[in-house]
$ cat protein-v8.pdb   # PDB, C-alpha atoms
MODEL        1
ATOM      1  CA  MET A   1     -42.294 193.391  51.760
ATOM      2  CA  CYS A   2     -44.942 195.816  52.878
ATOM      3  CA  ARG A   3     -47.348 197.802  50.729
ATOM      4  CA  LEU A   4     -47.770 201.555  50.419
ATOM      5  CA  ARG A   5     -50.848 202.368  48.339
ATOM      6  CA  GLY A   6     -50.316 199.233  46.296
ATOM      7  CA  LEU A   7     -46.565 199.736  45.948
ATOM      8  CA  ALA A   8     -44.322 197.001  47.343
ATOM      9  CA  VAL A   9     -41.525 198.348  49.513
ATOM     10  CA  PRO A  10     -38.971 196.452  51.584
ATOM     11  CA  SER A  11     -39.887 195.598  55.164
ATOM     12  CA  GLY A  12     -38.726 198.177  57.653
ATOM     13  CA  CYS A  13     -39.450 201.121  55.347
ATOM     14  CA  ILE A  14     -41.908 203.388  57.080
ATOM     15  CA  PRO A  15     -42.816 206.416  54.980
ATOM     16  CA  GLU A  16     -43.633 209.619  56.795
ATOM     17  CA  VAL A  17     -47.344 210.346  56.608
ATOM     18  CA  THR A  18     -48.423 213.974  56.388
ATOM     19  CA  GLU A  19     -51.864 215.503  56.657
ATOM     20  CA  LYS A  20     -51.840 216.449  52.976
ATOM     21  CA  PRO A  21     -50.953 213.436  50.860
ATOM     22  CA  ALA A  22     -48.144 214.016  48.405
ATOM     23  CA  THR A  23     -47.091 211.955  45.436
ATOM     24  CA  LEU A  24     -44.145 209.792  46.373
ATOM     25  CA  ARG A  25     -41.152 208.980  44.233
ATOM     26  CA  ILE A  26     -38.832 206.180  45.217
ATOM     27  CA  ILE A  27     -35.161 206.603  44.491
ATOM     28  CA  PHE A  28     -32.964 203.557  44.867
ATOM     29  CA  LYS A  29     -29.579 204.305  46.350
ATOM     30  CA  ALA A  30     -27.522 201.212  47.042
ATOM     31  CA  ASP A  31     -29.595 199.144  49.467
ATOM     32  CA  ASP A  32     -31.803 201.844  50.935
ATOM     33  CA  ILE A  33     -34.907 203.638  49.722
ATOM     34  CA  THR A  34     -35.626 207.348  49.989
ATOM     35  CA  PHE A  35     -39.115 208.818  49.743
ATOM     36  CA  GLU A  36     -39.386 212.312  48.331
ATOM     37  CA  ASN A  37     -42.100 214.927  48.389
ATOM     38  CA  MET A  38     -43.073 215.773  44.825
ATOM     39  CA  THR A  39     -44.864 219.095  45.397
ATOM     40  CA  GLY A  40     -41.968 220.908  43.722
ATOM     41  CA  VAL A  41     -41.350 222.931  46.895
ATOM     42  CA  SER A  42     -38.970 222.258  49.767
ATOM     43  CA  VAL A  43     -38.657 224.144  53.041
ATOM     44  CA  PHE A  44     -35.421 224.047  55.044
ATOM     45  CA  VAL A  45     -34.948 225.714  58.412
ATOM     46  CA  ASP A  46     -32.284 226.529  60.994
ATOM     47  CA  SER A  47     -34.012 227.407  64.256
ATOM     48  CA  ARG A  48     -32.616 227.334  67.789
ATOM     49  CA  GLY A  49     -35.468 228.824  69.818
ATOM     50  CA  GLY A  50     -38.396 227.596  67.736
ATOM     51  CA  ASN A  51     -39.524 230.946  66.298
ATOM     52  CA  THR A  52     -38.257 230.341  62.775
ATOM     53  CA  ARG A  53     -39.479 226.733  62.959
ATOM     54  CA  LYS A  54     -43.040 228.043  63.484
ATOM     55  CA  VAL A  55     -42.719 230.195  60.356
ATOM     56  CA  ALA A  56     -41.203 227.274  58.412
ATOM     57  CA  ASP A  57     -44.048 224.998  59.448
ATOM     58  CA  ALA A  58     -46.618 227.602  58.344
ATOM     59  CA  ILE A  59     -44.932 227.956  54.936
ATOM     60  CA  ALA A  60     -44.607 224.187  54.557
ATOM     61  CA  GLU A  61     -48.273 223.666  55.465
ATOM     62  CA  GLU A  62     -49.313 226.225  52.854
ATOM     63  CA  MET A  63     -47.141 224.505  50.246
ATOM     64  CA  GLY A  64     -48.320 220.984  51.094
ATOM     65  CA  THR A  65     -44.971 219.723  52.316
ATOM     66  CA  ARG A  66     -43.008 219.563  55.560
ATOM     67  CA  ALA A  67     -40.194 221.707  56.880
ATOM     68  CA  ARG A  68     -36.852 219.982  57.262
ATOM     69  CA  ASP A  69     -33.969 220.860  59.539
ATOM     70  CA  VAL A  70     -30.782 221.904  57.745
ATOM     71  CA  THR A  71     -28.665 219.855  60.145
ATOM     72  CA  THR A  72     -30.244 216.579  59.009
ATOM     73  CA  SER A  73     -31.051 217.367  55.363
ATOM     74  CA  SER A  74     -29.329 218.374  52.173
ATOM     75  CA  PRO A  75     -30.649 220.515  49.305
ATOM     76  CA  ASP A  76     -32.891 218.560  46.933
ATOM     77  CA  ASP A  77     -34.075 219.129  43.380
ATOM     78  CA  ALA A  78     -37.351 220.911  44.197
ATOM     79  CA  ARG A  79     -38.443 223.632  41.790
ATOM     80  CA  ILE A  80     -38.413 226.263  44.554
ATOM     81  CA  LEU A  81     -36.598 226.212  47.883
ATOM     82  CA  PHE A  82     -37.584 228.155  50.973
ATOM     83  CA  LEU A  83     -34.643 228.708  53.331
ATOM     84  CA  GLY A  84     -35.230 230.090  56.812
ATOM     85  CA  SER A  85     -32.921 231.017  59.643
ATOM     86  CA  GLY A  86     -33.099 232.656  63.005
ATOM     87  CA  THR A  87     -30.897 235.694  63.488
ATOM     88  CA  TYR A  88     -27.869 235.332  65.723
ATOM     89  CA  GLY A  89     -25.859 238.510  66.200
ATOM     90  CA  GLY A  90     -27.281 239.914  62.957
ATOM     91  CA  LYS A  91     -26.236 236.824  61.022
ATOM     92  CA  PRO A  92     -27.840 233.573  59.867
ATOM     93  CA  GLY A  93     -27.188 230.500  61.964
ATOM     94  CA  GLY A  94     -23.997 228.548  61.350
ATOM     95  CA  PRO A  95     -25.886 225.397  60.308
ATOM     96  CA  MET A  96     -27.733 227.362  57.589
ATOM     97  CA  MET A  97     -24.474 228.775  56.243
ATOM     98  CA  LYS A  98     -22.965 225.275  56.213
ATOM     99  CA  PHE A  99     -26.082 223.970  54.414
ATOM    100  CA  ILE A 100     -25.732 226.684  51.765
ATOM    101  CA  GLY A 101     -21.988 226.102  51.482
ATOM    102  CA  SER A 102     -22.522 222.407  50.781
ATOM    103  CA  GLY A 103     -25.200 222.853  48.113
ATOM    104  CA  ASP A 104     -25.263 223.690  44.426
ATOM    105  CA  PHE A 105     -27.743 226.528  44.014
ATOM    106  CA  SER A 106     -26.795 227.669  40.507
ATOM    107  CA  GLY A 107     -29.932 228.332  38.508
ATOM    108  CA  ARG A 108     -32.160 227.560  41.512
ATOM    109  CA  LYS A 109     -35.127 229.669  42.645
ATOM    110  CA  LEU A 110     -35.147 230.437  46.353
ATOM    111  CA  ALA A 111     -37.176 232.380  48.873
ATOM    112  CA  ILE A 112     -35.681 233.440  52.192
ATOM    113  CA  PHE A 113     -37.397 233.900  55.539
ATOM    114  CA  GLY A 114     -36.377 234.483  59.111
ATOM    115  CA  THR A 115     -37.105 235.813  62.548
ATOM    116  CA  SER A 116     -35.204 238.080  64.906
ATOM    117  CA  ALA A 117     -35.591 240.167  68.019
ATOM    118  CA  SER A 118     -34.679 243.335  66.145
ATOM    119  CA  LEU A 119     -35.542 244.642  62.697
ATOM    120  CA  ALA A 120     -31.939 245.706  61.976
ATOM    121  CA  GLY A 121     -30.546 242.285  62.903
ATOM    122  CA  GLY A 122     -33.156 240.562  60.747
ATOM    123  CA  GLN A 123     -32.377 242.806  57.785
ATOM    124  CA  ASN A 124     -28.653 242.031  58.121
ATOM    125  CA  MET A 125     -29.384 238.300  58.230
ATOM    126  CA  ILE A 126     -31.582 238.476  55.104
ATOM    127  CA  VAL A 127     -28.913 240.473  53.219
ATOM    128  CA  THR A 128     -26.224 237.957  54.196
ATOM    129  CA  LEU A 129     -28.315 235.000  53.000
ATOM    130  CA  THR A 130     -29.300 236.799  49.792
ATOM    131  CA  ASP A 131     -25.735 237.782  48.931
ATOM    132  CA  THR A 132     -24.368 234.309  49.705
ATOM    133  CA  LEU A 133     -27.015 232.572  47.605
ATOM    134  CA  LYS A 134     -26.567 234.964  44.674
ATOM    135  CA  GLN A 135     -22.823 234.295  44.770
ATOM    136  CA  LYS A 136     -23.696 230.608  44.402
ATOM    137  CA  GLY A 137     -25.780 231.384  41.293
ATOM    138  CA  ALA A 138     -29.258 231.290  42.839
ATOM    139  CA  THR A 139     -32.183 233.529  41.977
ATOM    140  CA  VAL A 140     -33.640 234.929  45.185
ATOM    141  CA  LEU A 141     -37.329 235.570  44.564
ATOM    142  CA  GLY A 142     -37.991 237.466  47.784
ATOM    143  CA  SER A 143     -37.763 237.443  51.545
ATOM    144  CA  TYR A 144     -39.988 237.484  54.605
ATOM    145  CA  HIS A 145     -39.076 238.499  58.127
ATOM    146  CA  CYS A 146     -41.050 238.763  61.338
ATOM    147  CA  ARG A 147     -40.294 239.317  64.979
ATOM    148  CA  GLY A 148     -39.377 236.367  67.148
ATOM    149  CA  LYS A 149     -39.539 236.241  70.896
ATOM    150  CA  THR A 150     -36.381 236.218  72.927
ATOM    151  CA  PHE A 151     -36.320 236.511  76.696
ATOM    152  CA  LEU A 152     -38.751 239.373  77.438
ATOM    153  CA  VAL A 153     -38.654 240.953  73.970
ATOM    154  CA  ASN A 154     -41.407 240.339  71.379
ATOM    155  CA  ARG A 155     -43.426 238.034  73.618
ATOM    156  CA  GLY A 156     -46.124 236.261  71.655
ATOM    157  CA  HIS A 157     -44.255 236.360  68.351
ATOM    158  CA  PRO A 158     -44.444 234.928  65.848
ATOM    159  CA  ASN A 159     -48.187 235.290  66.317
ATOM    160  CA  LYS A 160     -51.137 234.282  64.131
ATOM    161  CA  ASP A 161     -50.784 237.400  61.948
ATOM    162  CA  ASP A 162     -47.057 236.698  61.444
ATOM    163  CA  LEU A 163     -47.809 233.106  60.422
ATOM    164  CA  ASP A 164     -50.689 234.140  58.138
ATOM    165  CA  ASN A 165     -48.347 236.660  56.480
ATOM    166  CA  ALA A 166     -45.743 233.902  56.045
ATOM    167  CA  LYS A 167     -48.357 231.797  54.243
ATOM    168  CA  LYS A 168     -49.217 234.740  51.967
ATOM    169  CA  PHE A 169     -45.505 235.204  51.285
ATOM    170  CA  ALA A 170     -45.225 231.522  50.320
ATOM    171  CA  LYS A 171     -48.067 231.867  47.786
ATOM    172  CA  GLU A 172     -46.479 235.013  46.338
ATOM    173  CA  MET A 173     -43.120 233.266  45.961
ATOM    174  CA  LEU A 174     -44.743 230.289  44.279
ATOM    175  CA  ASN A 175     -46.437 232.649  41.815
ATOM    176  CA  ALA A 176     -43.160 234.536  41.261
ATOM    177  CA  ALA A 177     -41.419 231.240  40.431
ATOM    178  CA  GLU A 178     -43.907 230.465  37.657
ATOM    179  CA  PRO A 179     -42.706 231.219  34.134
ATOM    180  CA  ALA A 180     -44.245 234.409  32.741
TER
ENDMDL
END

$ encode --input "protein-v8.pdb" --output "structure tokens"
Amino acid sequence: MCRLRGLAVPSGCIPEVTEKPATLRIIFKADDITFENMTGVSVFVDSRGGNTRKVADAIAEEMGTRARDVTTSSPDDARILFLGSGTYGGKPGGPMMKFIGSGDFSGRKLAIFGTSASLAGGQNMIVTLTDTLKQKGATVLGSYHCRGKTFLVNRGHPNKDDLDNAKKFAKEMLNAAEPA
């Protein structure tokens, strides 16, 4: 056994340490242990080139959690979910669509974000995610989009202003999720 803030956990369990400490909940599943962030917010991202990952990390930092990749995670029971995808041919990434297809989003509150080389492509991607999530019963609180670099287009993006705006968006979505 090893100890985590006075809590005995089996040897070999190494919890992820973040800069902002979060309350941990241990869920026993068969013989393994899962540690969960209890901030009430989860951030999931599908990013190939790293642009959307930068935005996800900014949102996660603002919310006191960490961004998780949709290819290695599944939807959890957080109070609000942030889902972000790069734009590929005007559409969300395949891994994000698979992630959404595998989850139960009925009654869930979500915020969508993404990056793209073009405004039109980004708008199409946001609409696709919004429509798909609404069909699965989710409430989409809002969306955020910024430019992302690709080849020689939009060099330097997302920049500091884009990331600061993503953090503001995260706060707004958290406030929108609060009961009136």

$ atom_distance --input "protein-v8.pdb" --atom1 "CA of Arg48 in chain A" --atom2 "CA of Leu129 in chain A"
17.2 Å

$ closest_residue --input "protein-v8.pdb" --among "A:Asn165, A:Thr139, A:Asn154, A:Ser47" --to "Arg108 in chain A" --atoms "only C-alpha atoms"
A:Thr139

$ resolve_selection --input "protein-v8.pdb" --expression "the PyMOL selection byres ((chain A and resi 84) around 10)" --output "count of residues only"
31

$ atom_distance --input "protein-v8.pdb" --atom1 "CA of Lys54 in chain A" --atom2 "CA of Leu163 in chain A"
7.6 Å

$ atom_distance --input "protein-v8.pdb" --atom1 "CA of Gly101 in chain A" --atom2 "CA of Thr128 in chain A"
12.9 Å

$ closest_atom_pairs --input "protein-v8.pdb" --of "range 107-155 of chain A" --to "range 175-179 of chain A" --cutoff "9 Å" --atoms "all atoms listed in the file" --output "Markdown table"
| residue | atom | partner | partner_atom | distance |
| --- | --- | --- | --- | --- |
| A:Lys109 | CA | A:Ala177 | CA | 6.9 |
| A:Leu110 | CA | A:Ala177 | CA | 8.7 |
| A:Leu141 | CA | A:Ala176 | CA | 6.8 |
| A:Gly142 | CA | A:Ala176 | CA | 8.8 |

$ closest_residue --input "protein-v8.pdb" --among "A:Met173, A:Ser116, A:Pro158, A:Ser73" --to "Asp57 in chain A" --atoms "all atoms listed in the file"
A:Pro158

$ residues_near_point --input "protein-v8.pdb" --point "(-38.0, 223.9, 44.6)" --cutoff "7 Å" --atoms "all atoms listed in the file" --output "compact mmCIF listing (two decimals) with C-alpha atoms, keeping the file's coordinate frame"
# COMPACT_ATOMS: atom_id res chain seq x y z
CA GLY A 40 -41.97 220.91 43.72
CA VAL A 41 -41.35 222.93 46.90
CA SER A 42 -38.97 222.26 49.77
CA ASP A 77 -34.08 219.13 43.38
CA ALA A 78 -37.35 220.91 44.20
CA ARG A 79 -38.44 223.63 41.79
CA ILE A 80 -38.41 226.26 44.55
CA LEU A 81 -36.60 226.21 47.88
CA LYS A 109 -35.13 229.67 42.64

$ resolve_selection --input "protein-v8.pdb" --expression "the PyMOL selection byres ((chain A and resi 75) around 8)" --output "list in words"
Ser73, Ser74, Asp76, Asp77, Phe99, Gly103 and Asp104 of chain A

$ residues_near_point --input "protein-v8.pdb" --point "(-24.1, 238.4, 60.8)" --cutoff "7 Å" --atoms "only C-alpha atoms" --output "list in words"
Tyr88, Gly89, Gly90, Lys91, Pro92, Asn124, Met125 and Thr128 of chain A

$ closest_residue --input "protein-v8.pdb" --among "A:Phe105, A:Gly94, A:Met63, A:Gly49" --to "Lys171 in chain A" --atoms "all atoms listed in the file"
A:Met63

$ closest_residue --input "protein-v8.pdb" --among "A:Pro95, A:Gly148, A:Gly64, A:Gly156" --to "Ser118 in chain A" --atoms "all atoms listed in the file"
A:Gly148

$ closest_residue --input "protein-v8.pdb" --among "A:Asp162, A:Arg147, A:Glu62, A:Asn51" --to "Gln123 in chain A" --atoms "all atoms listed in the file"
A:Arg147

$ axis_aligned_box --input "protein-v8.pdb" --around "range 51-61 of chain A" --padding-each-side "8 Å" --output "JSON"
{"center_x": -43.3, "center_y": 227.3, "center_z": 60.4, "size_x": 26.0, "size_y": 23.3, "size_z": 27.7}

$ closest_residue --input "protein-v8.pdb" --among "A:Ala117, A:Thr65, A:Asp164, A:Met97" --to "Thr150 in chain A" --atoms "only C-alpha atoms"
A:Ala117

$ build_atoms --input "protein-v8.pdb" --residues "range 77-88 of chain A" --atoms "all heavy atoms" --output "tab-separated table (two decimals), in the coordinates of the input"
chain	number	residue	atom	x	y	z
A	77	ASP	N	-33.86	218.58	44.71
A	77	ASP	CA	-34.08	219.13	43.38
A	77	ASP	C	-35.45	219.76	43.21
A	77	ASP	O	-35.96	219.85	42.10
A	77	ASP	CB	-33.84	218.05	42.32
A	77	ASP	CG	-34.81	216.87	42.45
A	77	ASP	OD1	-35.56	216.82	43.44
A	77	ASP	OD2	-34.81	216.02	41.56
A	78	ALA	N	-36.05	220.25	44.29
A	78	ALA	CA	-37.35	220.91	44.20
A	78	ALA	C	-37.25	222.14	43.29
A	78	ALA	O	-36.19	222.75	43.16
A	78	ALA	CB	-37.84	221.31	45.59
A	79	ARG	N	-38.37	222.49	42.71
A	79	ARG	CA	-38.44	223.63	41.79
A	79	ARG	C	-38.17	224.95	42.51
A	79	ARG	O	-37.58	225.86	41.95
A	79	ARG	CB	-39.83	223.64	41.16
A	79	ARG	CG	-40.05	224.61	40.06
A	79	ARG	CD	-41.38	224.37	39.36
A	79	ARG	NE	-42.51	224.34	40.26
A	79	ARG	CZ	-43.15	225.42	40.70
A	79	ARG	NH1	-42.75	226.61	40.34
A	79	ARG	NH2	-44.18	225.30	41.51
A	80	ILE	N	-38.65	225.07	43.75
A	80	ILE	CA	-38.41	226.26	44.55
A	80	ILE	C	-38.05	225.83	45.97
A	80	ILE	O	-38.65	224.91	46.52
A	80	ILE	CB	-39.63	227.23	44.55
A	80	ILE	CG1	-39.37	228.45	45.42
A	80	ILE	CG2	-40.88	226.51	44.99
A	80	ILE	CD1	-40.45	229.52	45.33
A	81	LEU	N	-37.04	226.49	46.52
A	81	LEU	CA	-36.60	226.21	47.88
A	81	LEU	C	-36.89	227.41	48.77
A	81	LEU	O	-36.63	228.55	48.38
A	81	LEU	CB	-35.09	225.94	47.93
A	81	LEU	CG	-34.54	224.79	47.12
A	81	LEU	CD1	-33.02	224.75	47.24
A	81	LEU	CD2	-35.14	223.48	47.58
A	82	PHE	N	-37.42	227.14	49.94
A	82	PHE	CA	-37.58	228.16	50.97
A	82	PHE	C	-36.52	227.87	52.03
A	82	PHE	O	-36.46	226.75	52.54
A	82	PHE	CB	-38.97	228.07	51.61
A	82	PHE	CG	-40.08	228.61	50.77
A	82	PHE	CD1	-40.66	227.82	49.79
A	82	PHE	CD2	-40.55	229.90	50.95
A	82	PHE	CE1	-41.70	228.30	49.01
A	82	PHE	CE2	-41.57	230.40	50.16
A	82	PHE	CZ	-42.15	229.60	49.19
A	83	LEU	N	-35.68	228.86	52.32
A	83	LEU	CA	-34.64	228.71	53.33
A	83	LEU	C	-34.90	229.71	54.44
A	83	LEU	O	-35.03	230.91	54.18
A	83	LEU	CB	-33.25	228.96	52.75
A	83	LEU	CG	-32.79	228.07	51.60
A	83	LEU	CD1	-31.35	228.42	51.22
A	83	LEU	CD2	-32.90	226.60	51.96
A	84	GLY	N	-34.97	229.21	55.68
A	84	GLY	CA	-35.23	230.09	56.81
A	84	GLY	C	-34.22	229.92	57.92
A	84	GLY	O	-33.79	228.81	58.23
A	85	SER	N	-33.87	231.05	58.54
A	85	SER	CA	-32.92	231.02	59.64
A	85	SER	C	-33.32	232.02	60.70
A	85	SER	O	-33.86	233.09	60.39
A	85	SER	CB	-31.51	231.36	59.16
A	85	SER	OG	-30.59	231.36	60.24
A	86	GLY	N	-33.03	231.67	61.94
A	86	GLY	CA	-33.10	232.66	63.00
A	86	GLY	C	-31.93	233.61	62.82
A	86	GLY	O	-31.04	233.38	61.99
A	87	THR	N	-31.96	234.70	63.58
A	87	THR	CA	-30.90	235.69	63.49
A	87	THR	C	-30.07	235.63	64.76
A	87	THR	O	-30.61	235.70	65.86
A	87	THR	CB	-31.50	237.10	63.32
A	87	THR	OG1	-32.34	237.08	62.17
A	87	THR	CG2	-30.42	238.15	63.15
A	88	TYR	N	-28.77	235.49	64.59
A	88	TYR	CA	-27.87	235.33	65.72
A	88	TYR	C	-26.75	236.35	65.57
A	88	TYR	O	-25.87	236.18	64.72
A	88	TYR	CB	-27.33	233.90	65.78
A	88	TYR	CG	-28.47	232.90	65.69
A	88	TYR	CD1	-28.77	232.25	64.49
A	88	TYR	CD2	-29.30	232.67	66.78
A	88	TYR	CE1	-29.84	231.37	64.39
A	88	TYR	CE2	-30.39	231.80	66.69
A	88	TYR	CZ	-30.64	231.16	65.49
A	88	TYR	OH	-31.71	230.30	65.40
